[in-house]
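> Pasting final_21.cif here (mmCIF, N, CA and C atoms and all ligand atoms):
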data_protein
#
loop_
_atom_site.label_atom_id
_atom_site.label_comp_id
_atom_site.auth_asym_id
_atom_site.auth_seq_id
_atom_site.Cartn_x
_atom_site.Cartn_y
_atom_site.Cartn_z
N MET A 1 -52.89 23.12 79.19
CA MET A 1 -52.76 23.08 80.64
C MET A 1 -51.29 22.97 81.02
N LYS A 2 -50.91 23.75 82.00
CA LYS A 2 -49.51 23.78 82.40
C LYS A 2 -49.25 22.75 83.49
N TYR A 3 -48.24 21.95 83.26
CA TYR A 3 -47.90 20.94 84.25
C TYR A 3 -46.85 21.50 85.21
N SER A 4 -47.13 21.46 86.45
CA SER A 4 -46.16 21.92 87.43
C SER A 4 -46.50 21.34 88.79
N CYS A 5 -45.47 20.96 89.51
CA CYS A 5 -45.75 20.48 90.86
C CYS A 5 -44.67 21.01 91.79
N GLU A 6 -45.05 21.29 92.98
CA GLU A 6 -44.10 21.86 93.93
C GLU A 6 -43.95 20.96 95.15
N TYR A 7 -42.73 20.69 95.52
CA TYR A 7 -42.46 19.98 96.76
C TYR A 7 -41.56 20.90 97.58
N HIS A 8 -42.08 21.44 98.64
CA HIS A 8 -41.34 22.34 99.51
C HIS A 8 -40.73 23.47 98.66
N ASN A 9 -39.40 23.59 98.65
CA ASN A 9 -38.75 24.65 97.90
C ASN A 9 -38.56 24.33 96.43
N MET A 10 -38.72 23.07 96.08
CA MET A 10 -38.32 22.67 94.74
C MET A 10 -39.50 22.74 93.79
N LYS A 11 -39.23 23.26 92.64
CA LYS A 11 -40.27 23.40 91.64
C LYS A 11 -39.82 22.69 90.37
N PHE A 12 -40.67 21.83 89.87
CA PHE A 12 -40.32 21.12 88.65
C PHE A 12 -41.23 21.57 87.53
N GLU A 13 -40.64 22.01 86.48
CA GLU A 13 -41.42 22.38 85.32
C GLU A 13 -40.73 21.82 84.10
N PRO A 14 -41.49 21.48 83.10
CA PRO A 14 -40.83 20.99 81.88
C PRO A 14 -39.99 22.11 81.28
N LEU A 15 -38.72 21.84 81.07
CA LEU A 15 -37.83 22.84 80.49
C LEU A 15 -37.17 22.23 79.26
N GLN A 16 -37.91 22.20 78.19
CA GLN A 16 -37.38 21.54 77.00
C GLN A 16 -36.39 22.43 76.27
N GLN A 17 -36.74 23.71 76.14
CA GLN A 17 -35.89 24.53 75.29
C GLN A 17 -34.75 25.18 76.08
N GLU A 18 -33.73 25.51 75.33
CA GLU A 18 -32.59 26.21 75.89
C GLU A 18 -33.01 27.60 76.36
N ASN A 19 -32.37 28.08 77.42
CA ASN A 19 -32.63 29.46 77.82
C ASN A 19 -31.99 30.37 76.78
N LYS A 20 -32.78 31.27 76.24
CA LYS A 20 -32.32 32.09 75.11
C LYS A 20 -31.45 33.26 75.55
N ILE A 21 -31.75 33.82 76.71
CA ILE A 21 -31.06 35.03 77.14
C ILE A 21 -30.02 34.67 78.20
N THR A 22 -28.78 35.11 77.96
CA THR A 22 -27.74 34.90 78.96
C THR A 22 -28.12 35.62 80.25
N GLY A 23 -28.05 34.93 81.35
CA GLY A 23 -28.40 35.54 82.63
C GLY A 23 -29.85 35.33 83.02
N ASP A 24 -30.67 34.93 82.04
CA ASP A 24 -32.08 34.65 82.34
C ASP A 24 -32.21 33.19 82.77
N ILE A 25 -31.93 32.95 84.04
CA ILE A 25 -31.81 31.58 84.52
C ILE A 25 -33.17 30.90 84.65
N ASN A 26 -34.18 31.64 85.07
CA ASN A 26 -35.50 31.02 85.23
C ASN A 26 -36.32 31.07 83.93
N ASN A 27 -35.69 31.59 82.86
CA ASN A 27 -36.27 31.54 81.52
C ASN A 27 -37.63 32.24 81.42
N ASP A 28 -37.74 33.41 82.03
CA ASP A 28 -38.98 34.17 81.91
C ASP A 28 -38.80 35.39 81.00
N ASP A 29 -37.72 35.37 80.20
CA ASP A 29 -37.43 36.42 79.22
C ASP A 29 -36.98 37.74 79.82
N ASN A 30 -36.71 37.77 81.12
CA ASN A 30 -36.15 38.97 81.75
C ASN A 30 -34.95 38.57 82.59
N VAL A 31 -33.95 39.44 82.60
CA VAL A 31 -32.84 39.25 83.54
C VAL A 31 -33.12 40.19 84.71
N ASP A 32 -33.47 39.63 85.84
CA ASP A 32 -33.81 40.47 86.98
C ASP A 32 -33.38 39.81 88.30
N ILE A 33 -33.83 40.38 89.38
CA ILE A 33 -33.40 39.93 90.70
C ILE A 33 -33.77 38.47 90.97
N LEU A 34 -34.82 37.98 90.34
CA LEU A 34 -35.20 36.58 90.52
C LEU A 34 -34.11 35.64 90.02
N ASP A 35 -33.43 36.07 88.96
CA ASP A 35 -32.34 35.26 88.43
C ASP A 35 -31.13 35.28 89.38
N VAL A 36 -30.89 36.44 89.98
CA VAL A 36 -29.80 36.53 90.96
C VAL A 36 -30.11 35.63 92.16
N ILE A 37 -31.35 35.66 92.61
CA ILE A 37 -31.74 34.81 93.73
C ILE A 37 -31.52 33.34 93.38
N LEU A 38 -31.91 32.98 92.15
CA LEU A 38 -31.78 31.59 91.72
C LEU A 38 -30.32 31.15 91.65
N ILE A 39 -29.45 31.98 91.08
CA ILE A 39 -28.03 31.59 91.00
C ILE A 39 -27.42 31.52 92.41
N ASN A 40 -27.83 32.44 93.28
CA ASN A 40 -27.30 32.40 94.64
C ASN A 40 -27.76 31.15 95.39
N LYS A 41 -29.00 30.76 95.19
CA LYS A 41 -29.49 29.53 95.81
C LYS A 41 -28.69 28.33 95.30
N ALA A 42 -28.39 28.35 94.00
CA ALA A 42 -27.62 27.25 93.42
C ALA A 42 -26.19 27.23 93.97
N ILE A 43 -25.59 28.43 94.11
CA ILE A 43 -24.23 28.53 94.64
C ILE A 43 -24.17 27.95 96.05
N TYR A 44 -25.18 28.24 96.84
CA TYR A 44 -25.19 27.75 98.23
C TYR A 44 -25.85 26.38 98.38
N GLY A 45 -26.10 25.72 97.23
CA GLY A 45 -26.61 24.36 97.28
C GLY A 45 -28.06 24.23 97.70
N LYS A 46 -28.80 25.33 97.61
CA LYS A 46 -30.21 25.29 98.01
C LYS A 46 -31.12 24.84 96.88
N THR A 47 -30.60 24.86 95.68
CA THR A 47 -31.40 24.40 94.55
C THR A 47 -30.47 23.82 93.50
N GLU A 48 -31.03 22.98 92.65
CA GLU A 48 -30.27 22.41 91.53
C GLU A 48 -30.69 23.12 90.25
N LEU A 49 -29.71 23.44 89.42
CA LEU A 49 -30.02 24.04 88.13
C LEU A 49 -29.99 22.96 87.05
N THR A 50 -30.85 23.12 86.07
CA THR A 50 -30.78 22.22 84.92
C THR A 50 -29.57 22.61 84.08
N GLU A 51 -29.23 21.76 83.13
CA GLU A 51 -28.09 22.04 82.25
C GLU A 51 -28.29 23.38 81.52
N ALA A 52 -29.50 23.61 81.01
CA ALA A 52 -29.79 24.87 80.31
C ALA A 52 -29.68 26.06 81.26
N GLN A 53 -30.13 25.88 82.50
CA GLN A 53 -30.05 26.96 83.48
C GLN A 53 -28.60 27.24 83.86
N ARG A 54 -27.79 26.19 83.96
CA ARG A 54 -26.37 26.39 84.27
C ARG A 54 -25.68 27.21 83.17
N LYS A 55 -26.05 26.91 81.93
CA LYS A 55 -25.47 27.67 80.80
C LYS A 55 -25.90 29.13 80.86
N ALA A 56 -27.18 29.35 81.12
CA ALA A 56 -27.69 30.73 81.19
C ALA A 56 -27.07 31.46 82.38
N ALA A 57 -26.80 30.73 83.45
CA ALA A 57 -26.25 31.34 84.66
C ALA A 57 -24.77 31.66 84.52
N ASP A 58 -24.07 30.92 83.65
CA ASP A 58 -22.63 31.10 83.49
C ASP A 58 -22.36 32.26 82.54
N VAL A 59 -22.60 33.48 83.01
CA VAL A 59 -22.53 34.63 82.11
C VAL A 59 -21.10 34.97 81.69
N ASN A 60 -20.09 34.64 82.51
CA ASN A 60 -18.72 34.94 82.10
C ASN A 60 -18.06 33.77 81.37
N ASN A 61 -18.87 32.72 81.12
CA ASN A 61 -18.42 31.61 80.28
C ASN A 61 -17.17 30.91 80.76
N ASP A 62 -17.02 30.72 82.06
CA ASP A 62 -15.85 29.98 82.53
C ASP A 62 -16.23 28.54 82.90
N GLY A 63 -17.43 28.14 82.51
CA GLY A 63 -17.81 26.74 82.67
C GLY A 63 -18.62 26.42 83.91
N LYS A 64 -18.75 27.38 84.83
CA LYS A 64 -19.57 27.10 86.00
C LYS A 64 -20.25 28.37 86.53
N PRO A 65 -21.47 28.22 87.00
CA PRO A 65 -22.14 29.36 87.60
C PRO A 65 -21.62 29.57 89.02
N ASP A 66 -21.10 30.75 89.31
CA ASP A 66 -20.62 31.01 90.67
C ASP A 66 -20.84 32.48 91.05
N ALA A 67 -20.18 32.90 92.13
CA ALA A 67 -20.39 34.25 92.66
C ALA A 67 -20.05 35.35 91.66
N ASN A 68 -19.04 35.10 90.79
CA ASN A 68 -18.69 36.11 89.79
C ASN A 68 -19.83 36.34 88.81
N ASP A 69 -20.50 35.25 88.43
CA ASP A 69 -21.64 35.37 87.51
C ASP A 69 -22.78 36.10 88.20
N SER A 70 -23.01 35.75 89.45
CA SER A 70 -24.06 36.41 90.24
C SER A 70 -23.82 37.92 90.30
N LEU A 71 -22.56 38.31 90.53
CA LEU A 71 -22.18 39.71 90.60
C LEU A 71 -22.40 40.41 89.26
N MET A 72 -22.03 39.73 88.18
CA MET A 72 -22.23 40.31 86.84
C MET A 72 -23.71 40.54 86.55
N ILE A 73 -24.53 39.58 86.92
CA ILE A 73 -25.98 39.74 86.68
C ILE A 73 -26.50 40.91 87.50
N MET A 74 -26.03 41.04 88.75
CA MET A 74 -26.46 42.17 89.58
C MET A 74 -26.04 43.50 88.96
N LYS A 75 -24.79 43.56 88.48
CA LYS A 75 -24.30 44.79 87.83
C LYS A 75 -25.14 45.13 86.62
N TYR A 76 -25.53 44.09 85.88
CA TYR A 76 -26.36 44.29 84.70
C TYR A 76 -27.73 44.86 85.10
N ILE A 77 -28.30 44.32 86.14
CA ILE A 77 -29.64 44.77 86.59
C ILE A 77 -29.61 46.23 87.01
N ILE A 78 -28.54 46.63 87.70
CA ILE A 78 -28.46 48.03 88.14
C ILE A 78 -27.75 48.92 87.12
N LYS A 79 -27.57 48.37 85.90
CA LYS A 79 -27.07 49.12 84.75
C LYS A 79 -25.62 49.59 84.87
N LEU A 80 -24.83 48.88 85.66
CA LEU A 80 -23.40 49.18 85.69
C LEU A 80 -22.72 48.64 84.44
N ILE A 81 -23.29 47.57 83.89
CA ILE A 81 -22.81 47.07 82.60
C ILE A 81 -24.00 46.97 81.66
N ASP A 82 -23.72 47.14 80.36
CA ASP A 82 -24.80 47.19 79.38
C ASP A 82 -25.23 45.83 78.86
N THR A 83 -24.30 44.90 78.88
CA THR A 83 -24.62 43.60 78.28
C THR A 83 -23.96 42.48 79.05
N LEU A 84 -24.60 41.31 79.00
CA LEU A 84 -24.03 40.13 79.65
C LEU A 84 -23.36 39.22 78.64
N SER A 85 -23.87 39.25 77.41
CA SER A 85 -23.33 38.36 76.39
C SER A 85 -22.38 39.14 75.50
N GLU A 86 -21.13 38.72 75.50
CA GLU A 86 -20.13 39.40 74.68
C GLU A 86 -20.00 38.70 73.33
CA CA B 101 -35.38 35.63 84.47
CA CA B 102 -19.08 31.51 85.44
#
Show me this structure written as C-alpha cells.


Amino acid sequence: MKYSCEYHNMKFEPLQQENKITGDINNDDNVDILDVILINKAIYGKTELTEAQRKAADVNNDGKPDANDSLMIMKYIIKLIDTLSE
C-alpha cells in the first residue's frame, strides 16, 4: 500500500532513495515538463524540494537549483541538448 497524503498544494511521499536521473526531480524515471514545473515552483518558493530533489534539479552542478537549471531541462526536453549529465 502506498502512503501518501496531500495538503493543499503540498504532497508528501516517502522519498528514501536518491533520484537516479539528473533532471528527474519528481523521480518518476522521466525528464519531462513536470520536472520543469517542479523546479520553477521551487524557484518561486511555491514548493520545497527534498535534498535528493535539489541534487536532481541542479543539472549544471553549481550547488543550487535555479533558472539556469530549469532552462537546461527545458532544452533537454525539446532536444536542443542531448544530455543533462556530463
Ligand atoms: Ca520526472
Ligand atoms: Ca544549478

> I want to know what sits within 7 Å of segment 31-44 of chain A, based on only N, CA and C atoms, with residues of the same chain fewer than 3 positions away left out; could you give that as a compact mmCIF listing (two decimals) with N, CA and C atoms, in the frame of the given file?


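Saved the output as selection18.txt:
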# COMPACT_ATOMS: atom_id res chain seq x y z
N THR A 22 -28.78 35.11 77.96
CA THR A 22 -27.74 34.90 78.96
C THR A 22 -28.12 35.62 80.25
N GLY A 23 -28.05 34.93 81.35
CA GLY A 23 -28.40 35.54 82.63
C GLY A 23 -29.85 35.33 83.02
N ASP A 24 -30.67 34.93 82.04
CA ASP A 24 -32.08 34.65 82.34
C ASP A 24 -32.21 33.19 82.77
N ILE A 25 -31.93 32.95 84.04
CA ILE A 25 -31.81 31.58 84.52
C ILE A 25 -33.17 30.90 84.65
N ASN A 26 -34.18 31.64 85.07
CA ASN A 26 -35.50 31.02 85.23
C ASN A 26 -36.32 31.07 83.93
N ASP A 28 -37.74 33.41 82.03
CA ASP A 28 -38.98 34.17 81.91
C ASP A 28 -38.80 35.39 81.00
N THR A 47 -30.60 24.86 95.68
CA THR A 47 -31.40 24.40 94.55
C THR A 47 -30.47 23.82 93.50
N GLU A 48 -31.03 22.98 92.65
CA GLU A 48 -30.27 22.41 91.53
C GLU A 48 -30.69 23.12 90.25
N LEU A 49 -29.71 23.44 89.42
CA LEU A 49 -30.02 24.04 88.13
C LEU A 49 -29.99 22.96 87.05
N ALA A 57 -26.80 30.73 83.45
CA ALA A 57 -26.25 31.34 84.66
C ALA A 57 -24.77 31.66 84.52
N PRO A 65 -21.47 28.22 87.00
CA PRO A 65 -22.14 29.36 87.60
C PRO A 65 -21.62 29.57 89.02
N ASP A 66 -21.10 30.75 89.31
CA ASP A 66 -20.62 31.01 90.67
C ASP A 66 -20.84 32.48 91.05
N ALA A 67 -20.18 32.90 92.13
CA ALA A 67 -20.39 34.25 92.66
C ALA A 67 -20.05 35.35 91.66
N SER A 70 -23.01 35.75 89.45
CA SER A 70 -24.06 36.41 90.24
C SER A 70 -23.82 37.92 90.30
N ILE A 73 -24.53 39.58 86.92
CA ILE A 73 -25.98 39.74 86.68
C ILE A 73 -26.50 40.91 87.50
N MET A 74 -26.03 41.04 88.75
CA MET A 74 -26.46 42.17 89.58
C MET A 74 -26.04 43.50 88.96
N ILE A 77 -28.30 44.32 86.14
CA ILE A 77 -29.64 44.77 86.59
C ILE A 77 -29.61 46.23 87.01

> Name the closest residue to ligand CA 102 (chain B) among the candidates A:Leu71, A:Leu84, A:Gly63, A:Arg54; distances are taken between atoms, counting only N, CA and C atoms and all ligand atoms.

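Closest residue, counting only N, CA and C atoms and all ligand atoms: A:Gly63.
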
> Could you give me the residues within 7 Å of ligand CA 102 (chain B), counting only C-alpha atoms and all ligand atoms, as a PDB file with N, CA and C atoms, in the coordinates of the input?


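As a result, part.pdb now contains:
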ATOM      1  N   ASP A  58     -24.070  30.920  83.650  1.00  0.00           N
ATOM      2  CA  ASP A  58     -22.630  31.100  83.490  1.00  0.00           C
ATOM      3  C   ASP A  58     -22.360  32.260  82.540  1.00  0.00           C
ATOM      4  N   VAL A  59     -22.600  33.480  83.010  1.00  0.00           N
ATOM      5  CA  VAL A  59     -22.530  34.630  82.110  1.00  0.00           C
ATOM      6  C   VAL A  59     -21.100  34.970  81.690  1.00  0.00           C
ATOM      7  N   ASN A  60     -20.090  34.640  82.510  1.00  0.00           N
ATOM      8  CA  ASN A  60     -18.720  34.940  82.100  1.00  0.00           C
ATOM      9  C   ASN A  60     -18.060  33.770  81.370  1.00  0.00           C
ATOM     10  N   ASN A  61     -18.870  32.720  81.120  1.00  0.00           N
ATOM     11  CA  ASN A  61     -18.420  31.610  80.280  1.00  0.00           C
ATOM     12  C   ASN A  61     -17.170  30.910  80.760  1.00  0.00           C
ATOM     13  N   ASP A  62     -17.020  30.720  82.060  1.00  0.00           N
ATOM     14  CA  ASP A  62     -15.850  29.980  82.530  1.00  0.00           C
ATOM     15  C   ASP A  62     -16.230  28.540  82.900  1.00  0.00           C
ATOM     16  N   GLY A  63     -17.430  28.140  82.510  1.00  0.00           N
ATOM     17  CA  GLY A  63     -17.810  26.740  82.670  1.00  0.00           C
ATOM     18  C   GLY A  63     -18.620  26.420  83.910  1.00  0.00           C
ATOM     19  N   LYS A  64     -18.750  27.380  84.830  1.00  0.00           N
ATOM     20  CA  LYS A  64     -19.570  27.100  86.000  1.00  0.00           C
ATOM     21  C   LYS A  64     -20.250  28.370  86.530  1.00  0.00           C
ATOM     22  N   PRO A  65     -21.470  28.220  87.000  1.00  0.00           N
ATOM     23  CA  PRO A  65     -22.140  29.360  87.600  1.00  0.00           C
ATOM     24  C   PRO A  65     -21.620  29.570  89.020  1.00  0.00           C
ATOM     25  N   ASP A  66     -21.100  30.750  89.310  1.00  0.00           N
ATOM     26  CA  ASP A  66     -20.620  31.010  90.670  1.00  0.00           C
ATOM     27  C   ASP A  66     -20.840  32.480  91.050  1.00  0.00           C
ATOM     28  N   ASN A  68     -19.040  35.100  90.790  1.00  0.00           N
ATOM     29  CA  ASN A  68     -18.690  36.110  89.790  1.00  0.00           C
ATOM     30  C   ASN A  68     -19.830  36.340  88.810  1.00  0.00           C
ATOM     31  N   ASP A  69     -20.500  35.250  88.430  1.00  0.00           N
ATOM     32  CA  ASP A  69     -21.640  35.370  87.510  1.00  0.00           C
ATOM     33  C   ASP A  69     -22.780  36.100  88.200  1.00  0.00           C
TER      34      ASP A  69
END

> Find the residue from A:Thr50, A:Gly45, A:Asp29, A:Asp82 that sits nearest to ligand CA 101 (chain B); use all atoms listed in the file when measuring.

A:Asp29

> Kindly write segment 25-36 of chain A with N, CA and C atoms to a file, as a CSV table (one decimal), in the first residue's frame.


chain,number,residue,atom,x,y,z
A,25,ILE,N,13.3,15.4,-11.3
A,25,ILE,CA,13.2,15.9,-9.9
A,25,ILE,C,12.1,15.2,-9.2
A,26,ASN,N,11.0,14.8,-9.9
A,26,ASN,CA,9.9,14.1,-9.2
A,26,ASN,C,10.1,12.6,-9.1
A,27,ASN,N,11.3,12.2,-9.7
A,27,ASN,CA,11.7,10.8,-9.5
A,27,ASN,C,10.7,9.8,-10.1
A,28,ASP,N,10.2,10.1,-11.3
A,28,ASP,CA,9.3,9.2,-12.0
A,28,ASP,C,10.0,8.5,-13.2
A,29,ASP,N,11.3,8.6,-13.2
A,29,ASP,CA,12.2,8.0,-14.3
A,29,ASP,C,12.1,8.6,-15.6
A,30,ASN,N,11.4,9.8,-15.7
A,30,ASN,CA,11.4,10.6,-17.0
A,30,ASN,C,11.8,12.0,-16.7
A,31,VAL,N,12.5,12.6,-17.6
A,31,VAL,CA,12.8,14.0,-17.5
A,31,VAL,C,11.8,14.7,-18.4
A,32,ASP,N,10.8,15.4,-17.9
A,32,ASP,CA,9.8,16.0,-18.7
A,32,ASP,C,9.3,17.3,-18.2
A,33,ILE,N,8.2,17.8,-18.7
A,33,ILE,CA,7.7,19.1,-18.3
A,33,ILE,C,7.3,19.2,-16.9
A,34,LEU,N,6.9,18.0,-16.3
A,34,LEU,CA,6.5,18.0,-14.9
A,34,LEU,C,7.7,18.4,-14.0
A,35,ASP,N,8.9,18.0,-14.4
A,35,ASP,CA,10.1,18.3,-13.7
A,35,ASP,C,10.4,19.8,-13.8
A,36,VAL,N,10.2,20.4,-15.0
A,36,VAL,CA,10.4,21.8,-15.2
A,36,VAL,C,9.4,22.6,-14.3
